[in-house]
Protein chains: 4
Amino acid sequence: MTQPQKHTWKTKLHEIIYEADTPAGKSFDVVLLILIFLSVVLVMLESVSTLQAEYGKYFYIGEWLITIFFTIEYILRVISIKKPSAYIFSFYGLIDLISTIPLYLSFFIVGTNALLTIRALRLLRVFRILKVTRYIGEGNKLAKALKDSRPKILVFLFAVMILSVIAGTLMYIVEGPEHGFKSIPVSVYWCIVTLTTVGFGDIAPITALGQFIATIIMIMGYGIIAVPTGIVSAEMAKGDKPKPNAQKLHLNTQVCQNCGAKKHQDSAKYCHECGYSLHYE
Amino acid sequence: MTQPQKHTWKTKLHEIIYEADTPAGKSFDVVLLILIFLSVVLVMLESVSTLQAEYGKYFYIGEWLITIFFTIEYILRVISIKKPSAYIFSFYGLIDLISTIPLYLSFFIVGTNALLTIRALRLLRVFRILKVTRYIGEGNKLAKALKDSRPKILVFLFAVMILSVIAGTLMYIVEGPEHGFKSIPVSVYWCIVTLTTVGFGDIAPITALGQFIATIIMIMGYGIIAVPTGIVSAEMAKGDKPKPNAQKLHLNTQVCQNCGAKKHQDSAKYCHECGYSLHYE
Amino acid sequence: MTQPQKHTWKTKLHEIIYEADTPAGKSFDVVLLILIFLSVVLVMLESVSTLQAEYGKYFYIGEWLITIFFTIEYILRVISIKKPSAYIFSFYGLIDLISTIPLYLSFFIVGTNALLTIRALRLLRVFRILKVTRYIGEGNKLAKALKDSRPKILVFLFAVMILSVIAGTLMYIVEGPEHGFKSIPVSVYWCIVTLTTVGFGDIAPITALGQFIATIIMIMGYGIIAVPTGIVSAEMAKGDKPKPNAQKLHLNTQVCQNCGAKKHQDSAKYCHECGYSLHYE
Amino acid sequence: MTQPQKHTWKTKLHEIIYEADTPAGKSFDVVLLILIFLSVVLVMLESVSTLQAEYGKYFYIGEWLITIFFTIEYILRVISIKKPSAYIFSFYGLIDLISTIPLYLSFFIVGTNALLTIRALRLLRVFRILKVTRYIGEGNKLAKALKDSRPKILVFLFAVMILSVIAGTLMYIVEGPEHGFKSIPVSVYWCIVTLTTVGFGDIAPITALGQFIATIIMIMGYGIIAVPTGIVSAEMAKGDKPKPNAQKLHLNTQVCQNCGAKKHQDSAKYCHECGYSLHYE
């Protein structure tokens, strides 16, 4: 499979839908992005009962138009790739399918609430499009700093959890169900609400001892909030320094038509995963 | 337009009103600053119904005195500049106009509430005056650190938004309108209230599953709050190091009388935008 | 006591229960970890009245099974160590005992609530197991950064305390018992709730002066929250730099069978505390 | 006044009361510290109405004992210093006087509430004692980092203030008095409560537009909280690096008996402010 490909309508389509290096590919992504946002806004507006009562009909029409577009897009994605199964069973392939079918299903099943949920998953599709351009933006650095400090953050979160369970149990015994601390899970929930300095106030200690323990939890939360910040700060400060042996590679948005592999270098001629030609004649 | 200007009353006036390098110019700025603050305090006090009932008359007189002063200032600003349109249609020029006319309009229109809003915009004028002295203060460094880390912060805020929409939709389905999560937009609002650790408590999850999801959102918010802090910290730590090739330029507060350009160097003789002479004979 | 030990069943048992270097020792720790979490989940679920009403019988059986396992484990721990008193009166020894007996005591005493508390202490046992593996994970670095910045954090917390007492007293006088600020301790509690940005809202200032003071407290809390973060950030940034004179020691999880001392080096042949042989023949 | 002093009872007393380099001086400071805390705890407990009803008599006796001790201490402080006026009219001199007299005044005046306030000021005396030892502790570094970053923090707080006023005015117009936003000052108060992520929830936006603006304010608060943290972090990271030209001076706790000047070096023989001898024969 090493001979250059023919510029058939399939490879052309693949280039437009999966990649963003050509003007047509870029335009397609922009249109898709707008439609995704529009569709999510529609889902949100439909949930507002006053708007649904008045403009429900227009929402319904808009919803159908977007669903039809997404259906066509889905079919084209399946057609233009060499191995359709590689797309269909990929993470984004499943989200594309799941977020498109609920409207069709609503003809047969009546429970609209559950269908509504699934449509909101369309928002996840945004990440696919952004993924394409992330090598250019700052998102890459940010994701790296978060990823590098993940083990530290996990250890830290684990300690916070154990602390919350112990403090929550203590509050359950001190305040008891009569002051809103109905059970240990609820007390632990309250404890996390307090430690993270969110503090809803739907549950609040009333006894003097309960308030005293709450004070200690809050002071600890105050000191503890410093830890994840310190971790990420240190990681980002490191990340800003140029690495002596690192070499900047210019990655493009090409996707192998055969296996779907990404992150090809600008100078790459063949897919680094399957050896399929990336050049078109 | 390269011959030195005459020291006419217009150039003198320009120097006083637009610049802050002469004693008269400085005094004018200080007086203006005080009047702006006074006028904003007046607007605030007027809104307190008990104070308005008792001292309303004095507020009215004070408001008129300040408005007349600002009117005169506005006219002088228009007169003293060579190209009045450059000032009138600039950002601050429009704010000056908009924040001065509501009292005059109140003779013709009755809706006082809307007028009140506009008067509060006067506060934005404070930034014009502070802008003049920002090259000396620490504000410059701060603004630079924020500006440099803007792309990172935007990427981060975008991720927070998408997270909020998905988590908000989830909470709407789990808790539903009967527990205060009236619609998806309201749920997203609650989600941001929780992620930012504000936690008003006007809406709070009641079901066990809702409280569990809330816990995850809060723990994420806890970890996420570290990111903008890390970004700015790293940026500020960088900012404190002296740059080897940077050269300190002493900028003054002179404003070109012809085109309104700013940021002239101390040694500059002609405007770097239009070539108009900055020196007076 | 310097001659090599015999590989009796006691030394074998010691190795399994107290250490984590052999496969059997590792498996034992994993089983223990799972049982501790299971038992804590049980205690939490029992406190939910609806679940207790329905599945109370199964909870009771599960609780007994776990308690019997912990009882056997406790007896084996006492038997396998040379000096049982070193284990029995150690911190974890006492927790093991205290968290195991409540169920047995429930035959004689009726107050179940107090017993329930003690069982939750089992969660502390988790730290013993984690302690063993902390030399490998990131927890070590984190704990070091926290420990190194402890004096700074303590000085800071002390300042926060004094500030809270003074501001709390002020709020008590300004707002008074009729607005929820019942006494100075309650006002101080409110003040810490506000300074740490938790903000339950169960108590909130109502008078204009009270709200003004609250504003100042909040702004201060905003500025103050930066301090612990700054401390830990600086400490962590330092911690990431390799220390020129530091030498990496490979510590293992061996525990001296004679005195219970830990942190032995991989190459150690005798306990660094009592000289007892660590090798088995 | 350059001849060495005689070891009179006055100089001895001065050494004990004002300094902490001798064993007697240290003991005096510890006793004073304990009494101050005890007296503040007393003031706090007195405010709890149930405790006051039951133990009021004991509180009264304890209060008198402490007041008498503080009175004697005050008189000794005045006697042992060469220039009594230097102490009496100093910041701590005034606090000593003000926090001691309320109980005596309560014989003549009846308003106990106002007197109570003043007694709580005793807590400020703690700082005098701690000040003495701050050169040894970490407090010094912390205070320096805060002091160095003060201009940046002030600029930042000023920006927060202006933002709050503008956003507060906006919320007042959008939500209005009928939703709890009674006046612009109250709206600004709410805005600061939200920006600082405290979020009491006593006032919360109800209209869709109000909630939208609140969301923006919160997101801004989220980004803004990073700034003071970044400032202090950068400052602390700097502070940890050794300065090449700095020389460590060992300051002691001696206080000039003549003028009250502090911060004498260990090797100092004469007061650096008035030339009075610091040595005793």
# chains A, B, ... in the order shown; residues from 1 in each chain; ligands from 1
call {"tool": "interface_residues", "arguments": {"of": "chain C", "to": "chain D", "cutoff": "8 Å", "atoms": "only C-alpha atoms", "output": "VMD selection string"}}
result
chain C and resid 151 to 152 155 to 156 162 166 169 to 170 173 182 to 185 194 196 to 202 204 208 211 to 212 215 218 to 219 222 to 223 225 to 227 229 to 231 233 to 235 237
call {"tool": "closest_residue", "arguments": {"among": "D:Thr207, D:Gln52, D:Ser149, D:Ser106", "to": "Glu178 (chain D)", "atoms": "only C-alpha atoms"}}
result
D:Thr207
call {"tool": "closest_residue", "arguments": {"among": "A:Val165, A:Ile36, A:Ile17, A:Ile79", "to": "Thr67 (chain A)", "atoms": "only C-alpha atoms"}}
result
A:Ile36
